[in-house]
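Reproduced below: target-v9.txt, with compact mmCIF, C-alpha atoms (C1' of nucleotides).
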# COMPACT_ATOMS: atom_id res chain seq x y z
CA MET Y 1 65.37 -153.11 160.80
CA SER Y 2 68.20 -153.94 158.43
CA PRO Y 3 68.59 -157.68 157.89
CA MET Y 4 70.92 -158.90 160.61
CA SER Y 5 71.68 -162.23 158.99
CA ALA Y 6 71.70 -161.02 155.42
CA THR Y 7 72.47 -164.53 154.22
CA ARG Y 8 74.61 -163.91 151.19
CA ALA Y 9 72.42 -161.15 149.78
CA ASN Y 10 75.46 -159.31 148.49
CA ARG Y 11 76.01 -161.94 145.83
CA GLY Y 12 76.29 -160.27 142.48
CA ASP Y 13 74.83 -156.81 142.40
CA VAL Y 14 72.49 -156.71 145.34
CA LEU Y 15 72.87 -153.90 147.88
CA ASP Y 16 72.09 -154.48 151.47
CA GLU Y 17 72.62 -151.15 153.22
CA ALA Y 18 69.85 -148.60 153.61
CA LEU Y 19 70.25 -145.49 151.54
CA ALA Y 20 70.74 -142.56 153.93
CA ASN Y 21 72.90 -139.47 154.18
CA SER Y 22 74.58 -140.03 150.83
CA GLU Y 23 75.84 -136.73 149.51
CA GLY Y 24 73.97 -134.97 152.27
CA ILE Y 25 70.64 -135.79 150.66
CA ASP Y 26 67.72 -135.30 153.03
CA PHE Y 27 65.74 -138.47 152.44
CA GLU Y 28 63.69 -137.90 155.54
CA MET Y 29 62.34 -134.61 154.20
CA ILE Y 30 61.62 -136.21 150.84
CA GLU Y 31 59.52 -138.86 152.54
CA LEU Y 32 57.79 -136.39 154.85
CA LEU Y 33 56.65 -134.42 151.82
CA PHE Y 34 55.38 -137.57 150.14
CA PHE Y 35 53.37 -138.78 153.13
CA ALA Y 36 52.15 -135.31 154.09
CA TYR Y 37 50.80 -134.62 150.63
CA ARG Y 38 49.27 -138.05 150.26
CA ASP Y 39 47.31 -137.68 153.49
CA PHE Y 40 46.51 -134.04 152.76
CA THR Y 41 44.74 -135.03 149.56
CA SER Y 42 43.01 -138.05 151.05
CA ASP Y 43 40.51 -135.89 152.94
CA PRO Y 44 38.87 -134.22 149.92
CA ASP Y 45 39.23 -137.41 147.90
CA ALA Y 46 36.87 -139.12 150.31
CA ILE Y 47 34.27 -136.37 149.85
CA LEU Y 48 34.67 -136.29 146.09
CA GLU Y 49 34.03 -139.96 145.55
CA THR Y 50 30.57 -139.37 147.04
CA SER Y 51 29.79 -136.87 144.27
CA GLY Y 52 31.44 -138.94 141.56
CA PHE Y 53 34.11 -136.30 141.05
CA GLY Y 54 37.88 -136.63 141.23
CA ARG Y 55 40.91 -134.65 142.11
CA ALA Y 56 40.81 -132.78 138.83
CA HIS Y 57 37.37 -131.44 139.63
CA HIS Y 58 38.61 -130.38 143.02
CA ARG Y 59 41.35 -128.24 141.58
CA VAL Y 60 39.04 -126.55 139.10
CA VAL Y 61 36.41 -125.81 141.72
CA HIS Y 62 39.05 -124.51 144.05
CA PHE Y 63 40.66 -122.04 141.69
CA VAL Y 64 37.40 -120.82 140.18
CA ASN Y 65 36.20 -120.05 143.68
CA ARG Y 66 39.43 -118.36 144.57
CA GLU Y 67 39.36 -116.14 141.50
CA PRO Y 68 35.85 -115.86 140.09
CA GLY Y 69 35.78 -114.67 136.51
CA LEU Y 70 39.11 -116.14 135.56
CA THR Y 71 39.43 -117.20 131.95
CA VAL Y 72 39.93 -120.72 130.68
CA ALA Y 73 43.43 -119.75 129.55
CA ALA Y 74 44.33 -118.49 133.02
CA LEU Y 75 43.03 -121.66 134.60
CA LEU Y 76 45.02 -123.81 132.20
CA ASP Y 77 48.13 -121.84 133.07
CA THR Y 78 47.53 -122.26 136.78
CA LEU Y 79 46.89 -125.97 136.56
CA LYS Y 80 49.56 -126.55 133.91
CA ILE Y 81 47.43 -129.02 132.00
CA THR Y 82 46.12 -129.07 128.45
CA LYS Y 83 42.76 -127.74 127.40
CA GLN Y 84 41.70 -131.23 126.28
CA SER Y 85 42.41 -132.49 129.75
CA LEU Y 86 40.48 -129.66 131.36
CA ALA Y 87 37.57 -129.96 128.93
CA ARG Y 88 35.87 -133.07 130.30
CA VAL Y 89 36.20 -132.03 133.90
CA LEU Y 90 34.99 -128.50 133.26
CA LYS Y 91 32.07 -129.71 131.18
CA GLN Y 92 30.92 -132.00 133.96
CA LEU Y 93 31.14 -129.19 136.50
CA VAL Y 94 29.20 -126.81 134.25
CA ASP Y 95 26.60 -129.42 133.34
CA SER Y 96 25.96 -130.31 136.96
CA GLY Y 97 25.68 -126.69 138.02
CA TYR Y 98 28.83 -126.10 140.04
CA ILE Y 99 30.40 -123.62 137.65
CA ALA Y 100 28.91 -121.06 135.27
CA GLN Y 101 30.50 -119.74 132.11
CA VAL Y 102 29.96 -116.12 131.16
CA ALA Y 103 31.17 -114.53 127.95
CA GLY Y 104 33.88 -111.98 128.65
CA PRO Y 105 32.51 -108.44 128.86
CA GLU Y 106 35.39 -106.98 126.86
CA ASP Y 107 36.44 -109.96 124.79
CA ARG Y 108 33.47 -112.10 123.95
CA ARG Y 109 35.64 -115.03 122.89
CA GLN Y 110 36.48 -115.61 126.52
CA ARG Y 111 34.45 -117.86 128.76
CA ARG Y 112 34.92 -116.45 132.21
CA LEU Y 113 34.37 -118.98 134.95
CA TYR Y 114 32.30 -118.30 138.04
CA PRO Y 115 31.21 -120.56 140.88
CA THR Y 116 27.53 -121.05 141.57
CA ALA Y 117 26.28 -121.23 145.14
CA LYS Y 118 26.49 -125.01 144.80
CA GLY Y 119 30.06 -124.70 143.55
CA ARG Y 120 31.01 -122.47 146.44
CA GLU Y 121 29.58 -124.93 148.91
CA LEU Y 122 31.58 -127.72 147.36
CA ALA Y 123 34.78 -125.69 147.48
CA LEU Y 124 34.19 -124.99 151.15
CA ALA Y 125 33.35 -128.59 151.94
CA LEU Y 126 36.60 -129.71 150.29
CA ALA Y 127 38.73 -127.04 151.93
CA ARG Y 128 37.39 -127.61 155.42
CA PRO Y 129 39.11 -130.90 156.26
CA GLN Y 130 42.32 -129.76 154.61
CA SER Y 131 42.31 -126.60 156.66
CA ARG Y 132 41.60 -128.58 159.79
CA ARG Y 133 44.60 -130.77 159.07
CA ILE Y 134 46.81 -127.74 158.48
CA ALA Y 135 45.54 -126.05 161.62
CA GLY Y 136 46.34 -129.18 163.59
CA ALA Y 137 49.87 -129.33 162.25
CA LEU Y 138 50.39 -125.66 163.03
CA SER Y 139 48.59 -125.66 166.36
CA ALA Y 140 51.63 -125.89 168.60
CA MET Y 141 53.53 -123.24 166.66
CA THR Y 142 54.20 -119.60 167.24
CA ALA Y 143 53.44 -116.96 164.62
CA ARG Y 144 57.13 -116.87 163.75
CA GLU Y 145 57.25 -120.60 163.19
CA ARG Y 146 54.16 -120.47 161.00
CA THR Y 147 55.85 -117.83 158.93
CA SER Y 148 58.82 -120.16 158.51
CA VAL Y 149 56.57 -122.93 157.30
CA LYS Y 150 55.00 -120.65 154.70
CA ALA Y 151 58.43 -119.43 153.65
CA PHE Y 152 59.57 -123.01 153.20
CA LEU Y 153 56.61 -123.94 151.03
CA THR Y 154 56.98 -120.78 149.00
CA GLY Y 155 60.65 -121.58 148.50
CA MET Y 156 59.73 -125.00 147.14
CA ILE Y 157 57.74 -123.47 144.29
CA ASN Y 158 59.28 -122.70 140.91
CA PRO Y 159 59.62 -118.99 140.34
CA ALA Y 160 57.10 -117.66 137.83
CA PRO Y 161 58.86 -117.34 134.50
CA SER Y 162 59.68 -113.68 133.99
CA LEU Y 163 57.91 -112.16 131.05
CA ARG Y 164 60.09 -112.51 128.00
CA SER Y 165 61.32 -109.18 126.74
CA ALA Y 166 60.39 -108.34 123.21
CA ASP Y 167 63.82 -108.82 121.63
CA GLU Y 168 64.24 -112.38 122.88
CA PRO Y 169 63.16 -114.99 120.36
CA ASP Y 170 60.88 -117.89 121.20
CA MET R 1 42.06 -108.64 139.70
CA SER R 2 38.38 -109.14 140.45
CA PRO R 3 36.14 -107.98 137.60
CA MET R 4 35.55 -104.30 138.15
CA SER R 5 32.64 -104.03 135.79
CA ALA R 6 31.11 -107.41 136.48
CA THR R 7 28.34 -106.70 133.99
CA ARG R 8 25.40 -108.37 135.63
CA ALA R 9 27.30 -111.50 136.54
CA ASN R 10 25.29 -111.91 139.69
CA ARG R 11 22.25 -112.85 137.71
CA GLY R 12 20.81 -116.05 139.00
CA ASP R 13 23.31 -118.09 140.91
CA VAL R 14 26.68 -116.76 139.90
CA LEU R 15 29.09 -115.65 142.59
CA ASP R 16 31.47 -112.84 142.00
CA GLU R 17 33.55 -112.51 145.18
CA ALA R 18 36.78 -114.39 145.66
CA LEU R 19 36.65 -117.13 148.25
CA ALA R 20 38.96 -116.15 151.11
CA ASN R 21 38.93 -116.25 154.89
CA SER R 22 35.59 -118.01 155.10
CA GLU R 23 35.36 -119.84 158.40
CA GLY R 24 39.03 -119.09 158.98
CA ILE R 25 40.04 -121.53 156.28
CA ASP R 26 43.63 -121.05 155.19
CA PHE R 27 43.32 -121.13 151.41
CA GLU R 28 46.77 -119.73 150.98
CA MET R 29 48.36 -122.70 152.74
CA ILE R 30 46.22 -125.11 150.73
CA GLU R 31 47.51 -123.59 147.52
CA LEU R 32 51.09 -123.44 148.72
CA LEU R 33 50.98 -127.15 149.40
CA PHE R 34 49.54 -127.83 145.97
CA PHE R 35 52.13 -125.80 144.09
CA ALA R 36 55.03 -126.91 146.27
CA TYR R 37 54.27 -130.57 145.76
CA ARG R 38 53.65 -130.18 142.06
CA ASP R 39 57.01 -128.56 141.51
CA PHE R 40 58.72 -130.91 143.94
CA THR R 41 57.67 -133.90 141.83
CA SER R 42 58.43 -132.23 138.52
CA ASP R 43 62.18 -132.62 138.98
CA PRO R 44 62.29 -136.42 139.13
CA ASP R 45 59.49 -136.66 136.57
CA ALA R 46 61.80 -135.06 134.00
CA ILE R 47 64.51 -137.65 134.72
CA LEU R 48 62.08 -140.55 134.70
CA GLU R 49 60.64 -139.83 131.29
CA THR R 50 64.12 -140.34 129.89
CA SER R 51 64.14 -143.90 131.25
CA GLY R 52 60.54 -144.56 130.28
CA PHE R 53 59.54 -144.85 133.92
CA GLY R 54 56.94 -142.94 135.85
CA ARG R 55 56.20 -141.70 139.32
CA ALA R 56 55.14 -145.12 140.47
CA HIS R 57 58.58 -146.52 139.63
CA HIS R 58 60.14 -143.65 141.50
CA ARG R 59 58.34 -144.49 144.69
CA VAL R 60 59.23 -148.16 144.51
CA VAL R 61 62.90 -147.45 143.80
CA HIS R 62 62.97 -144.93 146.61
CA PHE R 63 61.56 -147.14 149.33
CA VAL R 64 63.47 -150.25 148.29
CA ASN R 65 66.66 -148.22 148.54
CA ARG R 66 65.64 -146.77 151.85
CA GLU R 67 64.92 -150.17 153.34
CA PRO R 68 66.64 -152.92 151.41
CA GLY R 69 65.16 -156.34 152.02
CA LEU R 70 61.68 -155.11 152.68
CA THR R 71 58.92 -157.50 151.70
CA VAL R 72 56.30 -156.93 149.04
CA ALA R 73 53.64 -156.74 151.73
CA ALA R 74 55.56 -154.03 153.58
CA LEU R 75 56.00 -152.05 150.39
CA LEU R 76 52.29 -152.30 149.60
CA ASP R 77 51.52 -151.04 153.07
CA THR R 78 53.86 -148.10 152.69
CA LEU R 79 52.56 -147.10 149.29
CA LYS R 80 48.92 -147.89 150.11
CA ILE R 81 48.23 -149.33 146.69
CA THR R 82 47.06 -152.77 145.60
CA LYS R 83 49.39 -155.58 144.67
CA GLN R 84 48.04 -155.59 141.12
CA SER R 85 48.99 -151.98 140.79
CA LEU R 86 52.45 -152.62 142.16
CA ALA R 87 52.93 -155.72 140.03
CA ARG R 88 53.45 -154.05 136.65
CA VAL R 89 55.80 -151.43 137.99
CA LEU R 90 57.81 -153.86 140.06
CA LYS R 91 58.10 -156.34 137.21
CA GLN R 92 59.52 -153.67 134.93
CA LEU R 93 62.04 -152.62 137.55
CA VAL R 94 63.11 -156.22 138.17
CA ASP R 95 63.26 -157.05 134.46
CA SER R 96 65.41 -154.05 133.69
CA GLY R 97 67.79 -154.74 136.54
CA TYR R 98 67.03 -151.98 139.03
CA ILE R 99 65.63 -154.19 141.75
CA ALA R 100 66.41 -157.79 142.75
CA GLN R 101 64.06 -160.19 144.46
CA VAL R 102 65.48 -162.63 147.00
CA ALA R 103 63.49 -165.35 148.72
CA GLY R 104 63.15 -164.60 152.41
CA PRO R 105 65.75 -166.41 154.52
CA GLU R 106 63.24 -167.37 157.23
CA ASP R 107 60.03 -167.45 155.25
CA ARG R 108 60.67 -168.54 151.72
CA ARG R 109 57.28 -167.35 150.49
CA GLN R 110 58.52 -163.80 150.83
CA ARG R 111 60.23 -161.97 148.00
CA ARG R 112 62.52 -159.52 149.71
CA LEU R 113 63.37 -156.55 147.57
CA TYR R 114 66.88 -155.18 147.19
CA PRO R 115 68.28 -152.46 144.98
CA THR R 116 71.01 -153.29 142.50
CA ALA R 117 73.88 -150.86 141.94
CA LYS R 118 71.90 -149.55 138.98
CA GLY R 119 68.84 -149.16 141.17
CA ARG R 120 70.81 -147.28 143.79
CA GLU R 121 72.18 -144.92 141.19
CA LEU R 122 68.66 -144.21 139.96
CA ALA R 123 67.41 -143.55 143.47
CA LEU R 124 70.23 -141.09 144.02
CA ALA R 125 69.71 -139.39 140.68
CA LEU R 126 66.04 -138.88 141.51
CA ALA R 127 66.67 -137.69 145.05
CA ARG R 128 69.40 -135.21 144.12
CA PRO R 129 67.24 -132.50 142.51
CA GLN R 130 64.54 -132.91 145.15
CA SER R 131 67.11 -132.49 147.88
CA ARG R 132 68.55 -129.47 146.14
CA ARG R 133 65.11 -127.91 146.03
CA ILE R 134 64.53 -128.63 149.71
CA ALA R 135 67.97 -127.28 150.62
CA GLY R 136 67.19 -124.11 148.71
CA ALA R 137 63.90 -123.62 150.51
CA LEU R 138 65.58 -124.21 153.87
CA SER R 139 68.74 -122.28 153.11
CA ALA R 140 67.83 -119.04 154.86
CA MET R 141 66.55 -120.86 157.93
CA THR R 142 67.97 -121.53 161.35
CA ALA R 143 68.14 -125.01 162.81
CA ARG R 144 65.12 -124.15 164.96
CA GLU R 145 63.10 -123.10 161.95
CA ARG R 146 64.03 -126.25 160.08
CA THR R 147 62.82 -128.24 163.03
CA SER R 148 59.51 -126.39 162.81
CA VAL R 149 59.16 -127.27 159.15
CA LYS R 150 59.74 -130.95 159.87
CA ALA R 151 57.29 -130.80 162.75
CA PHE R 152 54.69 -129.26 160.47
CA LEU R 153 55.08 -131.94 157.82
CA THR R 154 55.02 -134.67 160.42
CA GLY R 155 51.85 -133.18 161.85
CA MET R 156 50.22 -133.34 158.44
CA ILE R 157 50.62 -137.12 158.28
CA ASN R 158 47.92 -139.50 159.48
CA PRO R 159 48.96 -141.29 162.64
CA ALA R 160 49.78 -144.94 162.05
CA PRO R 161 46.78 -147.02 163.05
CA SER R 162 47.46 -148.55 166.42
CA LEU R 163 47.62 -152.32 166.36
CA ARG R 164 44.22 -153.72 167.13
CA SER R 165 44.10 -155.58 170.42
CA ALA R 166 43.09 -159.22 170.28
CA ASP R 167 39.62 -158.87 171.78
CA GLU R 168 38.46 -156.23 169.28
CA PRO R 169 36.57 -157.72 166.36
CA ASP R 170 37.33 -156.88 162.72
C1' DC F 1 49.72 -185.17 158.45
C1' DA F 2 45.88 -182.71 156.37
C1' DA F 3 43.71 -178.44 156.20
C1' DA F 4 43.80 -173.64 156.62
C1' DT F 5 46.23 -169.52 156.16
C1' DT F 6 49.66 -166.56 154.26
C1' DA F 7 52.74 -164.27 150.67
C1' DT F 8 52.94 -163.52 146.29
C1' DG F 9 51.79 -163.56 141.36
C1' DT F 10 48.67 -163.16 137.46
C1' DC F 11 44.66 -162.51 134.24
C1' DA F 12 40.94 -159.55 132.92
C1' DA F 13 38.17 -155.51 132.89
C1' DC F 14 37.69 -150.93 134.07
C1' DG F 15 38.09 -145.65 135.52
C1' DT F 16 40.49 -141.23 135.91
C1' DG F 17 43.33 -137.95 134.42
C1' DA F 18 46.87 -136.80 131.88
C1' DC F 19 48.91 -136.48 126.83
C1' DT F 20 49.35 -135.37 121.40
C1' DG F 21 47.47 -134.10 117.03
C1' DA F 22 44.05 -132.28 114.17
C1' DC F 23 40.34 -129.53 113.11
C1' DA F 24 36.09 -126.16 113.96
C1' DT F 25 34.10 -121.79 115.43
C1' DA F 26 33.70 -117.31 116.94
C1' DT F 27 35.85 -113.07 117.75
C1' DT F 28 39.23 -109.57 117.72
C1' DC F 29 43.16 -107.20 115.75
C1' DG F 30 46.20 -105.27 112.29
C1' DC Q 1 39.85 -108.76 104.72
C1' DG Q 2 43.09 -111.93 106.60
C1' DA Q 3 45.74 -113.32 110.63
C1' DA Q 4 45.85 -114.29 115.25
C1' DT Q 5 43.45 -115.57 119.47
C1' DA Q 6 40.21 -118.04 122.83
C1' DT Q 7 37.88 -121.80 123.14
C1' DG Q 8 35.77 -126.27 122.00
C1' DT Q 9 35.85 -130.94 120.28
C1' DC Q 10 37.02 -135.55 118.17
C1' DA Q 11 40.12 -139.40 118.27
C1' DG Q 12 43.69 -142.12 119.99
C1' DT Q 13 47.09 -143.15 123.56
C1' DC Q 14 49.34 -143.84 128.08
C1' DA Q 15 50.26 -144.14 133.25
C1' DC Q 16 48.53 -145.62 137.20
C1' DG Q 17 45.22 -146.64 140.07
C1' DT Q 18 40.95 -149.90 141.08
C1' DT Q 19 38.05 -154.64 141.88
C1' DG Q 20 37.42 -159.51 141.41
C1' DA Q 21 38.88 -164.05 140.63
C1' DC Q 22 42.05 -167.51 140.66
C1' DA Q 23 46.95 -170.01 141.02
C1' DT Q 24 51.05 -171.51 143.51
C1' DA Q 25 54.14 -172.33 147.04
C1' DA Q 26 55.28 -172.31 151.81
C1' DT Q 27 54.08 -171.98 156.51
C1' DT Q 28 51.09 -172.65 160.40
C1' DT Q 29 47.67 -174.92 162.90
C1' DG Q 30 44.36 -178.30 164.55
Full structure transcribed into structure tokens:
Amino acid sequence: MSPMSATRANRGDVLDEALANSEGIDFEMIELLFFAYRDFTSDPDAILETSGFGRAHHRVVHFVNREPGLTVAALLDTLKITKQSLARVLKQLVDSGYIAQVAGPEDRRQRRLYPTAKGRELALALARPQSRRIAGALSAMTARERTSVKAFLTGMINPAPSLRSADEPD
Amino acid sequence: MSPMSATRANRGDVLDEALANSEGIDFEMIELLFFAYRDFTSDPDAILETSGFGRAHHRVVHFVNREPGLTVAALLDTLKITKQSLARVLKQLVDSGYIAQVAGPEDRRQRRLYPTAKGRELALALARPQSRRIAGALSAMTARERTSVKAFLTGMINPAPSLRSADEPD
DNA sequence: CAAATTATGTCAACGTGACTGACATATTCG
DNA sequence: CGAATATGTCAGTCACGTTGACATAATTTG
């Protein structure tokens, strides 16, 4: 793997040894996460390119189906993108009948987002291959081990910022 | 959480119930993967924007450090992007002294890629916060549980395509 | 050796999905 | 009423991926 006859590759500034185990850094895990996520997203990507949608549409359809009636603001907060970025994608999904907007019953400024039957079908179609992949990766595991996997993924996520108390400034 | 007084949101085609447990699909895991990966990449992203680089540079620096002397073709295969897409990113990294290109000792058409000292430092700086995050998520786990987590991630990855035997056509 | 193949680089055009900044509208709140 | 809020929209920009076409040098093959 590493060049046996490295000629004189160390001339000047050029490093020849593979980076591994420095400072106890787990490079293997870093790569596993990269490859796992890349392949995890490739399944729905293949379906989406049929419909002319992209990954952004996927995320919107997913979360609207998971929490029907959520507001645009809540969706923006979940996705951590700007409203301008959401706008195009959401408009396309509304225009093509995957998502419906309903004025908020209490606050009529809000546009609460609901899936249509078509939108629900799409969400399911996108989730199916991802779930199959997950099920395959978990298939040989006990309930305890599955719990560990969930705990690991949960531990990778940034804690939700605690609500700022009133006396703290912005 | 779900709208208690859903007005008459079910008019027409609009669905009101949260999507969960349909067909045994594990939506929770799907979301955990999304959030975990998003936050996992946010750490190096913050460092990179200081240098004016992006995620694409990160990946190149990472793999060149992990396997010094790899060829451009091998890197393209690892990243699964086109050479035109790699070109810009690689050129910037070479021009700014993070990566060195050395003509292959056997095959002089090849440009073998090596990290410079500067490139190694960048790779380490980017890996450090990711490794810290991983270590935190694994910290409460036994060696057995950690093995399960690695097995899960490995199981999520597409198997490498087996080399086509000579009598199979393209 | 000449021709084909391979490894790499480059030019041009394009698409998606993100960003910032500015401004418009409707609605609610104080 | 005036301020704040929820949302929408216009305009410009950027990162990073794509396809297609072509160029160059080096190796392999007939």
Tell me which protein, DNA and RNA residues are within 12 Å of F:DC11, counting all atoms listed in the file, leaving out same-chain ones fewer than 4 positions away, and put them as a compact mmCIF listing (two decimals) with C-alpha atoms (C1' of nucleotides), keeping the file's coordinate frame.
# COMPACT_ATOMS: atom_id res chain seq x y z
CA GLN R 84 48.04 -155.59 141.12
C1' DG Q 20 37.42 -159.51 141.41
C1' DA Q 21 38.88 -164.05 140.63
C1' DC Q 22 42.05 -167.51 140.66
C1' DA Q 23 46.95 -170.01 141.02
Select all residues from chain R having any atom no more than 8 Å from an atom of chain Y (counting all atoms listed in the file, ignoring ligands), output as a VMD selection string.
chain R and resid 2 to 3 6 to 7 9 13 to 20 25 to 27 29 to 30 32 to 33 35 to 37 39 to 40 65 to 69 100 102 105 114 to 117 120 127 to 128 130 to 131 133 to 134 136 to 138 141 145 148 to 158
Using 12 Å as the limit and counting all atoms listed in the file, can you tabulate each residue of chain F that touches chain R, with its shortest atom-to-atom distance in Å and the two atoms involved, as a tab-separated table?
residue	atom	partner	partner_atom	distance
F:DT6	C1'	R:Arg109	CA	8.5
F:DA7	C1'	R:Arg109	CA	5.5
F:DT8	C1'	R:Arg109	CA	7.2
F:DG9	C1'	R:Ala87	CA	8.0
F:DT10	C1'	R:Gln84	CA	8.4
F:DC11	C1'	R:Gln84	CA	10.3
F:DA12	C1'	R:Gln84	CA	11.5
Output as JSON, numbers by chain the set of chain Q residues within 8 Å of chain R, with distances taken over all atoms listed in the file.
{"Q": [15, 16, 17, 25, 26, 27]}
Two-atom distance - atom CA of Y:Asp43, atom CA of Y:Val61 (Å)
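Going from atom CA of Y:Asp43 over to atom CA of Y:Val61, I get 15.6 Å.
Distance-wise, atom CA of Y:Leu122 and atom CA of Y:Pro44 end up 10.1 Å apart.
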What does the distance between atom C1' of Q:DG30 and atom C1' of F:DA2 come to in Å, to one decimal place?
9.4 Å
